[in-house]
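Here is the structure we will look at, set down as structure tokens.
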Amino acid sequence: MELEELFRRLDACYDVSGWWPAESRWEVMVGAILVQQTTWESVVKVLESMRRRGILDVDAVASMPLGELERLVRPAGFYRQKAARLQHLARYLRERYGSDPGGILDKGTEEARAELLSLPGIGEETADAILLFGGRRPRFIAAAYVRRTFDRLGILSSSDYGEVQRFVEARVPPDPDRYARCYALLVHHARTACRSRPRCAGCCLRDACPATA
DNA sequence: ACCCAGGTGGCCC
DNA sequence: GGGCCACATGGG
């Protein structure tokens with residue numbers, strides 16, 4: 001199946017509007033780190049509890065005792081790493097950019113990406129999620145779900161993040177809303193219909209998914 | 001009692 | 001460059 005047809009079918013099949021709700025660029029950054037290897041539902045619990053306490057804020061996260069941040073992050077798993085990485089990012093923004101996430105995100109896309117990647121706990125997926133949802137840059141997120149789905153459908157078999165990303169970016173117009181929707185559609189599909197048995201039973205890709213039972 | 005989850009980093013070869 | 005592993009809570 002061609003990439004264009006895949007997106008056309010998924011788009012007709014699922015509604016992923018409001019996929020990454022966030023009220024600020026800092027909230028996108030926090031969500032991007034928290035959501036690593038966990039569910040968005042768990043992330044929402046943490047974000048909401050932070051919001052209720054009025055500490056969904058760069059300076060608050062930079063200043064609070066690490067143990068308190070760990071306690072808040074616990075529902076999202078890997079809480080010791082995530083709390084340390086969030087506080088590192090908050091202190092980095094506070095020290096270098098007066099606590100403004102725009103200090104990074106308003107730079108050129110490549111420079112901003114390199115800077116994000118230099119921070120602990122921010123790898124390619126997280127950096128691209130921050131650039132796409134927080135910075136509205138046309139960066140496609142080549143997540144593991146994306147690579148597995150492309151592989152299964154015979155669109156592109158590669159475990160190389162950059163190769164998969166370039167493949168999509170060379171074929172889809174560089175519109176951040178479009179990239180966000182394509183990514184959301186792929187992940188949503190992978191987590192819902194694609195997981196039922198037989199694979200994709202009753203979903204828009206049932207004729208294309210190899211029956212792996 | 002499993003398995004999975006919107007990854008990253010460290011270590012080994 | 002790839003293949004393992006730890007990291008951790010919460011839901012099916």
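Ordered as shown in the structure tokens, chains take letters A, B, and onward, while each chain numbers its residues from 1 and ligands are numbered from 1 in the order shown.
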
Please identify every residue of chain A that has at least one atom no farther than 7 Å from an atom of chain B, counting only C-alpha atoms (C1' of nucleotides), and for each give the shortest atom pair and the distance in Å to one decimal, arranged by chain then increasing number, as CSV.
```
residue,atom,partner,partner_atom,distance
A:Val35,CA,B:DG6,C1',6.3
A:Gln36,CA,B:DG7,C1',5.0
A:Gln37,CA,B:DA5,C1',5.3
A:Thr38,CA,B:DA5,C1',4.3
A:Thr39,CA,B:DA5,C1',5.6
A:Gly121,CA,B:DT8,C1',5.7
A:Gly123,CA,B:DT8,C1',6.3
A:Val187,CA,B:DG6,C1',6.9
```

How about saving the chosen residues, C-alpha atoms kept, as a compact mmCIF listing (two decimals), in the first residue's frame?
```
# COMPACT_ATOMS: atom_id res chain seq x y z
CA VAL A 35 4.32 10.18 28.19
CA GLN A 36 7.44 8.16 27.44
CA GLN A 37 6.56 4.47 27.66
CA THR A 38 3.21 5.07 29.33
CA THR A 39 -0.38 6.02 28.53
CA GLY A 121 15.82 12.34 28.74
CA GLY A 123 15.64 11.63 22.50
CA VAL A 187 -0.64 5.63 16.87
```

With 9 Å as the limit and counting only C-alpha atoms (C1' of nucleotides), what residues in chain C lie close to chain A? Please list them as a VMD selection string.
chain C and resid 7 to 10

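Taking atom CA of Val168 of chain A as the reference point, atom CA of Ala129 of chain A is found at 15.3 Å.
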
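Closest approach to Trp40 of chain A among A:Arg197, A:Arg191, A:Arg85, A:Arg166: A:Arg191, based on only C-alpha atoms.
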
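Rounded to one decimal, atom CA of Gln87 of chain A and atom CA of Glu70 of chain A lie 10.0 Å from each other.
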
Test item: residues at most 12 Å from Leu47 of chain A, only C-alpha atoms (C1' of nucleotides), excluding those fewer than 3 positions along its chain, as a compact mmCIF listing (two decimals) with C-alpha atoms, in the first residue's frame:
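New file part_17.txt:
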```txt
# COMPACT_ATOMS: atom_id res chain seq x y z
CA PRO A 21 -4.31 18.96 24.37
CA ALA A 22 -2.00 21.48 26.02
CA GLU A 23 -2.42 25.07 27.09
CA SER A 24 1.21 26.09 26.81
CA TRP A 26 5.83 24.23 28.72
CA GLU A 27 2.91 21.88 29.17
CA VAL A 28 3.83 20.22 25.86
CA MET A 29 7.40 19.75 27.07
CA VAL A 30 6.26 18.25 30.37
CA GLY A 31 3.75 15.99 28.62
CA ALA A 32 6.34 14.82 26.09
CA ILE A 33 8.70 13.63 28.82
CA LEU A 34 5.95 12.16 30.99
CA VAL A 35 4.32 10.18 28.19
CA TRP A 40 -1.71 9.51 27.99
CA GLU A 41 -4.32 8.82 30.69
CA SER A 42 -1.54 8.50 33.26
CA VAL A 43 0.03 11.71 32.00
CA VAL A 44 -3.24 13.59 32.39
CA MET A 50 0.25 19.85 38.90
CA ARG A 51 -2.27 22.31 37.50
CA ARG A 52 -4.43 22.09 40.64
CA ARG A 53 -1.42 22.92 42.76
CA GLY A 54 -0.49 25.78 40.44
CA ILE A 55 2.93 24.33 39.71
CA LEU A 56 2.54 23.61 36.00
CA ASP A 57 5.15 26.27 35.62
CA LEU A 69 8.27 16.35 42.12
CA LEU A 72 3.72 13.98 41.72
CA VAL A 73 5.22 12.15 38.74
CA ARG A 74 4.79 8.65 40.23
CA PRO A 75 1.54 7.73 38.37
CA ALA A 76 3.34 8.12 35.03
```

Give me, as a ChimeraX atom specification, the residues of segment 131-195 of chain A that a backbone DSSP run labels helix (DSSP H, G or I).
/A:131-134,144-152,161-169,176-191,193-195

Limited to C-alpha atoms, could you put the picked residues into a file as a CSV table (one decimal), in the first residue's frame?
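Full text of out.csv as output:
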```
chain,number,residue,atom,x,y,z
A,131,LEU,CA,8.9,20.6,18.0
A,132,LEU,CA,5.7,19.5,16.4
A,133,PHE,CA,3.1,20.0,19.1
A,134,GLY,CA,4.9,22.8,21.0
A,144,ALA,CA,8.1,2.7,17.0
A,145,TYR,CA,4.3,2.2,16.3
A,146,VAL,CA,4.8,4.0,13.0
A,147,ARG,CA,7.8,1.9,12.0
A,148,ARG,CA,6.0,-1.3,12.8
A,149,THR,CA,2.9,-0.3,10.9
A,150,PHE,CA,4.9,0.7,7.8
A,151,ASP,CA,6.8,-2.5,8.0
A,152,ARG,CA,3.6,-4.7,8.3
A,161,TYR,CA,14.2,6.6,13.0
A,162,GLY,CA,15.7,9.2,10.6
A,163,GLU,CA,15.1,7.2,7.5
A,164,VAL,CA,11.4,6.7,8.3
A,165,GLN,CA,11.1,10.4,9.2
A,166,ARG,CA,12.7,11.5,5.9
A,167,PHE,CA,10.6,9.0,4.0
A,168,VAL,CA,7.4,10.7,5.2
A,169,GLU,CA,8.6,14.2,5.1
A,176,PRO,CA,2.5,20.8,11.1
A,177,ASP,CA,-1.3,20.1,11.5
A,178,ARG,CA,-1.0,17.5,8.8
A,179,TYR,CA,2.0,15.8,10.4
A,180,ALA,CA,0.3,15.8,13.7
A,181,ARG,CA,-2.8,14.2,12.3
A,182,CYS,CA,-0.8,11.5,10.4
A,183,TYR,CA,1.2,10.6,13.5
A,184,ALA,CA,-1.9,10.6,15.7
A,185,LEU,CA,-3.8,8.4,13.3
A,186,LEU,CA,-1.0,5.9,13.1
A,187,VAL,CA,-0.6,5.6,16.9
A,188,HIS,CA,-4.4,5.6,17.5
A,189,HIS,CA,-4.9,2.8,15.0
A,190,ALA,CA,-2.0,0.8,16.4
A,191,ARG,CA,-3.4,1.0,19.9
A,193,ALA,CA,-8.2,-1.8,16.0
A,194,CYS,CA,-4.8,-3.1,15.0
A,195,ARG,CA,-4.4,-4.9,18.4
```

Separating atom CA of Arg25 of chain A from atom CA of Arg136 of chain A, to the nearest tenth of an Å, is a gap of 10.0 Å
